[in-house]
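File shown here: my_file01.txt, holding compact mmCIF, C-alpha atoms.
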```txt
# COMPACT_ATOMS: atom_id res chain seq x y z
CA MET A 1 24.03 52.74 21.86
CA ALA A 2 25.53 51.66 25.19
CA LYS A 3 29.26 52.29 25.45
CA VAL A 4 31.31 49.17 26.12
CA GLU A 5 33.32 49.06 29.36
CA VAL A 6 36.82 47.73 29.98
CA LYS A 7 35.40 45.13 32.40
CA GLN A 8 33.19 43.66 29.64
CA LEU A 9 36.14 43.42 27.25
CA LEU A 10 38.24 41.80 29.98
CA GLU A 11 35.59 39.14 30.64
CA ALA A 12 35.39 38.40 26.89
CA GLY A 13 39.17 37.86 26.67
CA VAL A 14 39.73 40.76 24.26
CA HIS A 15 43.07 41.49 25.99
CA PHE A 16 44.80 38.20 25.07
CA GLY A 17 47.37 38.67 22.32
CA HIS A 18 49.76 36.22 20.64
CA LEU A 19 53.02 34.74 21.89
CA THR A 20 55.70 37.41 22.31
CA ARG A 21 57.89 35.79 19.64
CA LYS A 22 55.09 36.21 17.08
CA TRP A 23 54.43 39.88 17.72
CA ASN A 24 54.63 42.73 15.23
CA PRO A 25 56.73 45.59 16.68
CA ASN A 26 54.35 48.16 15.17
CA MET A 27 51.72 46.97 17.67
CA ALA A 28 53.88 48.18 20.60
CA PRO A 29 51.69 51.28 21.31
CA TYR A 30 48.67 49.03 21.91
CA ILE A 31 50.41 46.45 24.15
CA TYR A 32 50.08 46.85 27.93
CA MET A 33 52.50 44.18 29.15
CA GLU A 34 53.87 40.67 28.68
CA ARG A 35 52.64 37.83 30.89
CA ASN A 36 53.73 34.17 30.69
CA GLY A 37 55.15 34.64 27.21
CA ILE A 38 51.95 36.25 25.88
CA HIS A 39 51.36 39.92 25.08
CA VAL A 40 48.45 41.63 26.83
CA ILE A 41 46.55 44.30 24.88
CA ASN A 42 45.82 47.65 26.55
CA LEU A 43 42.01 47.61 26.82
CA TYR A 44 41.77 51.33 27.56
CA LYS A 45 43.20 51.99 24.12
CA THR A 46 40.83 49.37 22.67
CA VAL A 47 37.84 51.26 24.12
CA ALA A 48 39.12 54.60 22.74
CA LYS A 49 39.78 53.14 19.27
CA LEU A 50 36.43 51.33 19.25
CA ASP A 51 34.62 54.61 19.97
CA GLU A 52 36.48 56.28 17.10
CA THR A 53 35.63 53.36 14.79
CA ASN A 54 31.96 53.34 15.76
CA GLU A 55 31.64 57.08 15.11
CA ALA A 56 33.15 56.73 11.62
CA LEU A 57 30.99 53.68 10.75
CA HIS A 58 27.91 55.54 12.01
CA LYS A 59 28.63 58.37 9.54
CA ILE A 60 29.20 56.00 6.62
CA ALA A 61 25.96 54.10 7.34
CA ALA A 62 24.05 57.38 7.69
CA SER A 63 25.37 58.49 4.28
CA GLY A 64 23.80 55.41 2.66
CA ARG A 65 27.06 53.66 1.71
CA LYS A 66 27.55 49.92 2.26
CA ILE A 67 30.18 48.49 4.62
CA LEU A 68 31.62 45.15 3.52
CA PHE A 69 32.58 42.75 6.35
CA VAL A 70 35.31 40.17 5.74
CA ALA A 71 35.84 37.23 8.11
CA THR A 72 36.69 33.81 6.67
CA LYS A 73 38.23 32.20 9.76
CA LYS A 74 36.24 29.46 11.48
CA GLN A 75 35.77 31.29 14.80
CA ALA A 76 34.41 34.45 13.17
CA LYS A 77 32.36 33.46 10.11
CA ASP A 78 29.12 32.44 11.86
CA ILE A 79 29.22 35.38 14.30
CA VAL A 80 29.82 37.91 11.52
CA ALA A 81 27.13 36.43 9.26
CA ASP A 82 24.59 36.54 12.11
CA LYS A 83 25.34 40.08 13.33
CA VAL A 84 25.87 41.73 9.94
CA SER A 85 22.77 40.26 8.27
CA LYS A 86 20.65 42.00 10.95
CA VAL A 87 21.83 45.43 9.72
CA ASN A 88 21.52 44.42 6.04
CA MET A 89 25.20 44.87 5.17
CA PRO A 90 27.20 42.66 2.75
CA TYR A 91 29.75 40.17 4.08
CA ILE A 92 32.28 37.57 2.90
CA THR A 93 32.62 34.54 5.18
CA GLU A 94 33.83 31.99 2.64
CA ARG A 95 37.02 32.26 0.59
CA TRP A 96 37.82 35.82 -0.53
CA PRO A 97 37.21 35.93 -4.31
CA GLY A 98 40.38 37.33 -5.90
CA GLY A 99 39.61 40.67 -7.55
CA MET A 100 36.47 41.11 -5.48
CA LEU A 101 37.11 44.88 -5.40
CA THR A 102 39.67 45.53 -8.14
CA ASN A 103 37.68 43.47 -10.68
CA PHE A 104 34.23 44.27 -9.30
CA VAL A 105 32.58 44.39 -12.75
CA THR A 106 33.33 40.67 -13.29
CA ILE A 107 32.07 39.79 -9.79
CA ARG A 108 28.82 41.60 -10.57
CA LYS A 109 28.43 39.49 -13.71
CA ALA A 110 28.65 36.34 -11.56
CA VAL A 111 25.96 37.74 -9.24
CA LYS A 112 23.75 38.55 -12.24
CA LYS A 113 24.24 34.98 -13.46
CA MET A 114 22.76 33.79 -10.17
CA ALA A 115 19.77 36.10 -10.68
CA SER A 116 19.27 34.82 -14.25
CA ILE A 117 19.14 31.21 -12.98
CA ASP A 118 16.43 32.25 -10.50
CA ARG A 119 14.45 33.83 -13.34
CA MET A 120 14.79 30.62 -15.37
CA LYS A 121 13.21 28.68 -12.51
CA LYS A 122 10.34 31.15 -12.22
CA ASP A 123 9.42 31.40 -15.92
CA GLY A 124 9.67 27.63 -16.54
CA THR A 125 12.74 27.75 -18.81
CA PHE A 126 14.64 25.65 -16.28
CA MET A 127 12.32 22.66 -16.77
CA THR A 128 12.95 22.64 -20.53
CA LEU A 129 16.59 21.67 -19.91
CA SER A 130 17.72 18.04 -19.77
CA LYS A 131 18.17 16.36 -16.40
CA LYS A 132 21.97 16.60 -16.64
CA GLU A 133 21.86 20.32 -17.55
CA ARG A 134 19.48 21.04 -14.66
CA LEU A 135 21.88 19.31 -12.28
CA GLN A 136 24.81 21.38 -13.59
CA VAL A 137 22.85 24.62 -13.30
CA ASP A 138 21.78 23.73 -9.72
CA ARG A 139 25.40 23.06 -8.76
CA LEU A 140 26.52 26.36 -10.29
CA ARG A 141 23.72 28.22 -8.45
CA ALA A 142 24.69 26.61 -5.12
CA LYS A 143 28.38 27.48 -5.63
CA LEU A 144 27.62 31.10 -6.53
CA ASP A 145 25.23 31.45 -3.60
CA LYS A 146 27.82 30.07 -1.17
CA ASN A 147 30.56 32.46 -2.29
CA LEU A 148 28.62 35.53 -3.41
CA GLY A 149 25.09 35.21 -2.03
CA SER A 150 25.76 37.64 0.81
CA ILE A 151 26.87 40.42 -1.59
CA SER A 152 24.06 40.00 -4.13
CA GLU A 153 22.58 43.40 -3.21
CA MET A 154 25.93 45.24 -3.33
CA THR A 155 25.62 47.01 -6.69
CA ARG A 156 28.68 49.25 -6.27
CA LEU A 157 32.00 49.30 -4.44
CA PRO A 158 31.57 49.51 -0.65
CA GLY A 159 32.15 52.70 1.31
CA ALA A 160 34.40 50.83 3.76
CA LEU A 161 35.73 47.40 4.73
CA PHE A 162 35.63 45.86 8.20
CA ILE A 163 38.10 42.97 8.54
CA VAL A 164 38.61 40.34 11.23
CA ASP A 165 42.29 39.22 11.16
CA THR A 166 44.21 41.31 8.64
CA MET A 167 46.97 38.67 8.40
CA ARG A 168 44.52 36.12 7.00
CA GLU A 169 42.67 38.66 4.82
CA HIS A 170 45.80 40.37 3.46
CA ILE A 171 44.49 40.23 -0.14
CA ALA A 172 41.35 42.15 0.86
CA VAL A 173 43.57 44.76 2.58
CA LYS A 174 45.72 45.21 -0.55
CA GLU A 175 42.69 45.56 -2.84
CA ALA A 176 41.05 48.13 -0.56
CA GLN A 177 44.30 50.13 -0.37
CA LYS A 178 44.58 50.15 -4.16
CA LEU A 179 41.07 51.60 -4.48
CA ASN A 180 41.38 54.07 -1.56
CA ILE A 181 38.60 52.33 0.40
CA PRO A 182 38.83 53.01 4.18
CA ILE A 183 39.77 49.90 6.17
CA PHE A 184 38.43 49.13 9.66
CA ALA A 185 39.80 46.03 11.39
CA MET A 186 40.23 43.99 14.54
CA VAL A 187 44.02 43.93 14.84
CA ASP A 188 45.85 41.38 17.01
CA THR A 189 49.45 41.65 18.28
CA ASN A 190 50.81 39.71 15.27
CA CYS A 191 49.32 42.14 12.69
CA ASP A 192 50.64 45.36 11.13
CA PRO A 193 48.38 48.32 12.08
CA ARG A 194 50.04 50.68 9.58
CA ASP A 195 47.91 49.29 6.73
CA ILE A 196 44.66 50.01 8.59
CA ASP A 197 42.81 53.35 8.73
CA TYR A 198 40.80 52.53 11.86
CA VAL A 199 42.50 50.06 14.21
CA VAL A 200 40.64 48.15 16.94
CA PRO A 201 43.37 46.36 18.94
CA ALA A 202 41.73 43.11 20.07
CA ASN A 203 42.02 39.34 20.23
CA ASP A 204 40.85 38.16 16.80
CA ASP A 205 40.99 34.41 17.59
CA ALA A 206 38.47 33.99 20.44
CA SER A 207 34.80 33.82 19.50
CA LYS A 208 33.74 35.78 22.62
CA SER A 209 36.13 38.60 21.74
CA ILE A 210 34.89 38.75 18.14
CA ASP A 211 31.27 38.64 19.32
CA ILE A 212 31.53 41.65 21.67
CA ILE A 213 33.39 43.80 19.13
CA MET A 214 30.93 42.92 16.36
CA GLU A 215 28.03 43.67 18.70
CA GLN A 216 29.35 47.22 19.23
CA VAL A 217 30.18 47.80 15.56
CA THR A 218 26.82 46.62 14.20
CA ALA A 219 24.98 48.66 16.86
CA ALA A 220 26.76 51.80 15.61
CA ILE A 221 25.78 50.96 12.02
CA ALA A 222 22.17 50.33 13.07
CA ASP A 223 22.10 53.79 14.70
CA GLY A 224 23.46 55.33 11.49
CA LEU A 225 20.78 53.62 9.40
CA ALA A 226 18.06 54.75 11.83
CA GLU A 227 19.35 58.34 11.60
CA ARG A 228 19.27 58.18 7.81
CA LYS A 229 15.69 56.88 7.88
CA SER A 230 14.52 59.63 10.26
CA ASN A 231 16.22 62.32 8.12
CA LYS A 232 14.37 61.05 5.04
CA GLN A 233 11.05 61.23 6.89
CA GLU A 234 11.74 64.77 8.11
CA ALA A 235 12.75 66.05 4.67
CA PRO A 236 9.17 66.25 3.22
CA LYS A 237 8.04 68.18 6.32
CA LYS A 238 10.77 70.78 5.81
CA ASP A 239 9.79 71.20 2.14
CA ALA A 240 6.11 71.85 2.97
CA PRO A 241 4.94 75.38 1.90
CA LYS A 242 4.89 77.89 4.73
CA LYS A 243 2.03 80.33 5.30
CA GLU A 244 2.80 83.84 4.14
CA ALA A 245 3.35 86.18 7.05
CA ALA A 246 1.27 89.36 7.20
CA PRO A 247 3.19 92.43 5.99
CA LYS A 248 4.72 94.33 8.88
CA ALA A 249 4.44 98.07 9.28
CA GLU A 250 7.38 99.98 7.92
CA ALA A 251 9.89 100.68 10.62
CA LYS A 252 11.34 104.15 10.88
CA VAL A 253 14.74 102.87 11.91
CA GLU A 254 16.55 100.80 9.29
CA ALA A 255 17.22 97.22 10.45
CA PRO A 256 20.87 96.10 10.42
CA VAL A 257 21.86 94.00 7.40
CA ALA A 258 21.85 90.32 8.42
CA LYS A 259 25.03 88.37 7.86
CA ALA A 260 24.88 85.52 5.37
CA ALA A 261 24.52 82.15 7.07
CA PRO A 262 27.50 79.82 6.62
CA ALA A 263 27.05 77.19 3.91
CA LYS A 264 25.75 73.86 5.19
CA ALA A 265 28.39 71.15 4.96
CA ASP A 266 27.76 68.45 2.34
CA ASP A 267 28.55 64.77 2.89
CA LEU A 268 31.81 64.61 0.93
CA THR A 269 32.09 60.83 1.50
CA LYS A 270 29.60 60.41 -1.37
CA VAL A 271 32.56 61.17 -3.64
CA GLU A 272 34.21 57.83 -4.48
CA GLY A 273 37.62 57.64 -2.74
CA VAL A 274 36.81 60.13 0.04
CA GLY A 275 36.71 58.43 3.45
CA PRO A 276 35.59 59.99 6.78
CA LYS A 277 39.10 61.17 7.68
CA ALA A 278 39.73 62.64 4.22
CA ALA A 279 36.34 64.42 4.36
CA GLU A 280 37.25 65.90 7.76
CA ALA A 281 40.60 67.16 6.42
CA LEU A 282 38.87 68.74 3.39
CA VAL A 283 36.26 70.52 5.54
CA ASN A 284 39.00 71.87 7.82
CA ALA A 285 40.79 73.21 4.72
CA GLY A 286 37.65 75.06 3.54
CA PHE A 287 36.14 72.51 1.15
CA VAL A 288 32.77 72.44 2.92
CA THR A 289 30.38 71.78 0.02
CA PHE A 290 30.43 69.79 -3.22
CA ALA A 291 30.68 73.14 -5.06
CA ASP A 292 33.84 74.04 -3.09
CA LEU A 293 35.43 70.69 -3.91
CA ALA A 294 34.45 71.00 -7.60
CA LYS A 295 36.52 74.21 -7.81
CA GLY A 296 39.49 72.61 -6.05
CA ASP A 297 42.80 71.68 -7.64
CA ALA A 298 43.82 68.00 -7.40
CA GLU A 299 47.42 68.87 -6.48
CA LYS A 300 46.31 71.24 -3.73
CA ILE A 301 43.89 68.61 -2.37
CA LYS A 302 46.70 66.02 -2.40
CA THR A 303 48.91 68.39 -0.37
CA ILE A 304 46.10 69.00 2.16
CA LEU A 305 45.55 65.28 2.67
CA THR A 306 49.27 64.51 3.04
CA GLU A 307 49.73 67.31 5.59
CA ALA A 308 46.69 66.13 7.55
CA SER A 309 47.99 62.54 7.83
CA SER A 310 50.75 60.52 6.19
CA ARG A 311 48.25 57.62 5.95
CA MET A 312 46.30 59.60 3.34
CA ALA A 313 49.34 60.25 1.15
CA HIS A 314 48.37 57.34 -1.14
CA LEU A 315 44.96 58.82 -2.02
CA ASP A 316 44.46 59.98 -5.61
CA PRO A 317 42.07 62.99 -5.73
CA THR A 318 42.31 63.52 -9.51
CA SER A 319 38.63 62.71 -10.15
CA TRP A 320 37.21 64.28 -6.95
CA PRO A 321 36.42 67.73 -8.45
CA LYS A 322 34.67 66.03 -11.40
CA GLN A 323 32.55 63.87 -9.07
CA ALA A 324 31.85 66.84 -6.79
CA GLN A 325 30.60 68.88 -9.78
CA MET A 326 28.09 66.14 -10.67
CA ALA A 327 26.95 66.05 -7.01
CA ALA A 328 26.69 69.85 -6.85
CA ASP A 329 24.54 69.82 -10.03
CA GLY A 330 22.29 67.14 -8.51
CA LYS A 331 23.21 64.59 -11.19
CA TRP A 332 23.15 61.66 -8.75
CA ASP A 333 22.18 58.99 -11.30
CA GLU A 334 25.00 60.09 -13.60
CA LEU A 335 27.45 60.10 -10.66
CA LYS A 336 26.38 56.61 -9.56
CA GLU A 337 26.78 55.26 -13.10
CA TRP A 338 30.24 56.84 -13.35
CA GLN A 339 31.28 55.38 -9.98
CA ASP A 340 30.01 51.92 -10.95
CA ASN A 341 32.16 51.93 -14.09
CA VAL A 342 35.33 53.42 -12.57
CA LYS A 343 37.39 51.51 -10.00
CA GLY A 344 37.71 53.36 -6.70
CA GLY A 345 37.16 56.76 -8.32
CA VAL A 346 40.45 56.45 -10.25
CA GLU A 347 40.05 56.88 -14.02
```
Entire entry expressed as structure tokens:
Amino acid sequence: MAKVEVKQLLEAGVHFGHLTRKWNPNMAPYIYMERNGIHVINLYKTVAKLDETNEALHKIAASGRKILFVATKKQAKDIVADKVSKVNMPYITERWPGGMLTNFVTIRKAVKKMASIDRMKKDGTFMTLSKKERLQVDRLRAKLDKNLGSISEMTRLPGALFIVDTMREHIAVKEAQKLNIPIFAMVDTNCDPRDIDYVVPANDDASKSIDIIMEQVTAAIADGLAERKSNKQEAPKKDAPKKEAAPKAEAKVEAPVAKAAPAKADDLTKVEGVGPKAAEALVNAGFVTFADLAKGDAEKIKTILTEASSRMAHLDPTSWPKQAQMAADGKWDELKEWQDNVKGGVE
């Protein structure tokens, strides 16, 4: 993936912020200067934050989790739908359905309703209805497809959210915070970056600015998906039986005892509620594998997260050892079923 340069961002108008009177003071670290009553965003910080965001999204995509994109404003909806559909990720470009995340079970029922209508049309049941009923069903199908068609394949809560304009999508931000879902976002000078886990300071009103940021983000996700695919293909090769080596002659001198190899780190983000930053903090604290996390104490984990970053103080790790135990035992179907029925990993 080619790294974006400051010159490219400058040409796309990523540096243009809002009027100085509309600014949010918490955006001060990302503002370079004020010119003609408009704040100018520091593009060097945009490049650094974009690299950090891309790395985190790459890891989430490689782990097999979905990333939900939210962009309902006119300038962004078509760009987001076009770019995101190419990497097969879910997106919301119409009105945000209230309770999309916090009441995900009900949203899934609406998606299943859409699938049942499609089955009715295939098996001929649809034609047995009266003309008026068929018209009503068609209208319902069109409405559901418009609002939820892009998330029809999202069978569980997403691993992360990417938002364009957090001011407009404030409900999505609140729902993600409640469920401990990591939030990535394009943040303009009138937004509050404290609510966002991965901030990309950028102009969220210009279509060119949105286009170049989305191009970089989706490229990182595509790389993550490609890595996951290659790892799956390599796995059977590693499991192939090796030829037995011929027995060596007994050595007179005793060989030194080999040290045990360090345990291979597990992908802790597969535990519902654990984002990339939380996983990094846990690994640094010695929770390298699912088995390590399963033995952990929720209070101790909470302390580790809070000390690592005040932004992770709201996380609730109560169910993490339970989930980690299922993962360590290889009970992936049981874990997935549990995660589907529990909101954000909080019982």
Residues within 12 Å of Lys322 of chain A, please, as a PyMOL selection string. Count all atoms listed in the file; anything in the same chain fewer than 2 positions from it doesn't count.
chain A and resi 271-272+290-298+317-320+324-329+331+334-335+338-339+345-347
Pick from A:Ala281, A:Gly13, A:Pro321, A:Asp82 nearest to Leu305 of chain A, counting all atoms listed in the file
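Checking each candidate against Leu305 of chain A, we get A:Ala281 as the closest.
Distance check against Val14 of chain A using all atoms listed in the file: of A:Leu50, A:Leu148, A:Ile213, A:Ile31, the minimum falls on A:Ile213.
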Nearest candidate to Ala278 of chain A (options A:Thr218, A:Gln323, A:Ser209, A:Asn180; using only C-alpha atoms):
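Selected residue with least distance to Ala278 of chain A: A:Asn180.
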Neighbour list for Leu10 of chain A as a ChimeraX atom specification, cut-off 12 Å, only C-alpha atoms, skip fewer than 2 positions in-chain:
/A:4-8,12-16,40-44,46-47,202-203,208-209,212
What is the distance, in Å and to one decimal place, between atom CA of Ala222 of chain A and atom CA of Ser63 of chain A?
12.4 Å
For Met312 of chain A, which of A:Thr20, A:Gln177, A:Thr106, A:Asn231 is the closest residue, counting only C-alpha atoms?
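Counting only C-alpha atoms, the residue closest to Met312 of chain A is A:Gln177.
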Polymer residues at most 9 Å from segment 137-144 of chain A, only C-alpha atoms, same-chain spacing of 2 or more positions, as a list of chain:residue names:
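Everything that qualifies: A:Ala110, A:Val111, A:Lys113, A:Met114, A:Ile117, A:Asp118, A:Phe126, A:Lys132, A:Glu133, A:Arg134, A:Leu135, A:Lys146, A:Asn147, A:Leu148, A:Gly149.
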Separation of atom CA of Pro201 of chain A from atom CA of Asn24 of chain A in Å:
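Separation of atom CA of Asn24 of chain A and atom CA of Pro201 of chain A: 12.4 Å.
Counting from atom CA of Lys49 of chain A, the distance to atom CA of Leu9 of chain A is 13.1 Å.
Among A:Lys178, A:Lys109, A:His18, A:Arg311, the residue with the shortest atom-to-atom distance to Ile196 of chain A, counting only C-alpha atoms, is A:Arg311.
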Counting only C-alpha atoms, which of A:Cys191, A:Ala279, A:Val80, A:Ile67 gets nearest to His170 of chain A?
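Going through A:Cys191, A:Ala279, A:Val80, A:Ile67 one by one, the smallest distance to His170 of chain A is for A:Cys191.
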Contacts of Thr102 of chain A at 12 Å or less, counting all atoms listed in the file, minus same-chain residues fewer than 2 places along, as JSON, numbers by chain?
{"A": [97, 98, 99, 100, 104, 105, 106, 107, 108, 156, 157, 158, 171, 172, 173, 174, 175, 176, 177, 178, 179, 180, 181, 340, 341, 342, 343, 344, 345, 346]}
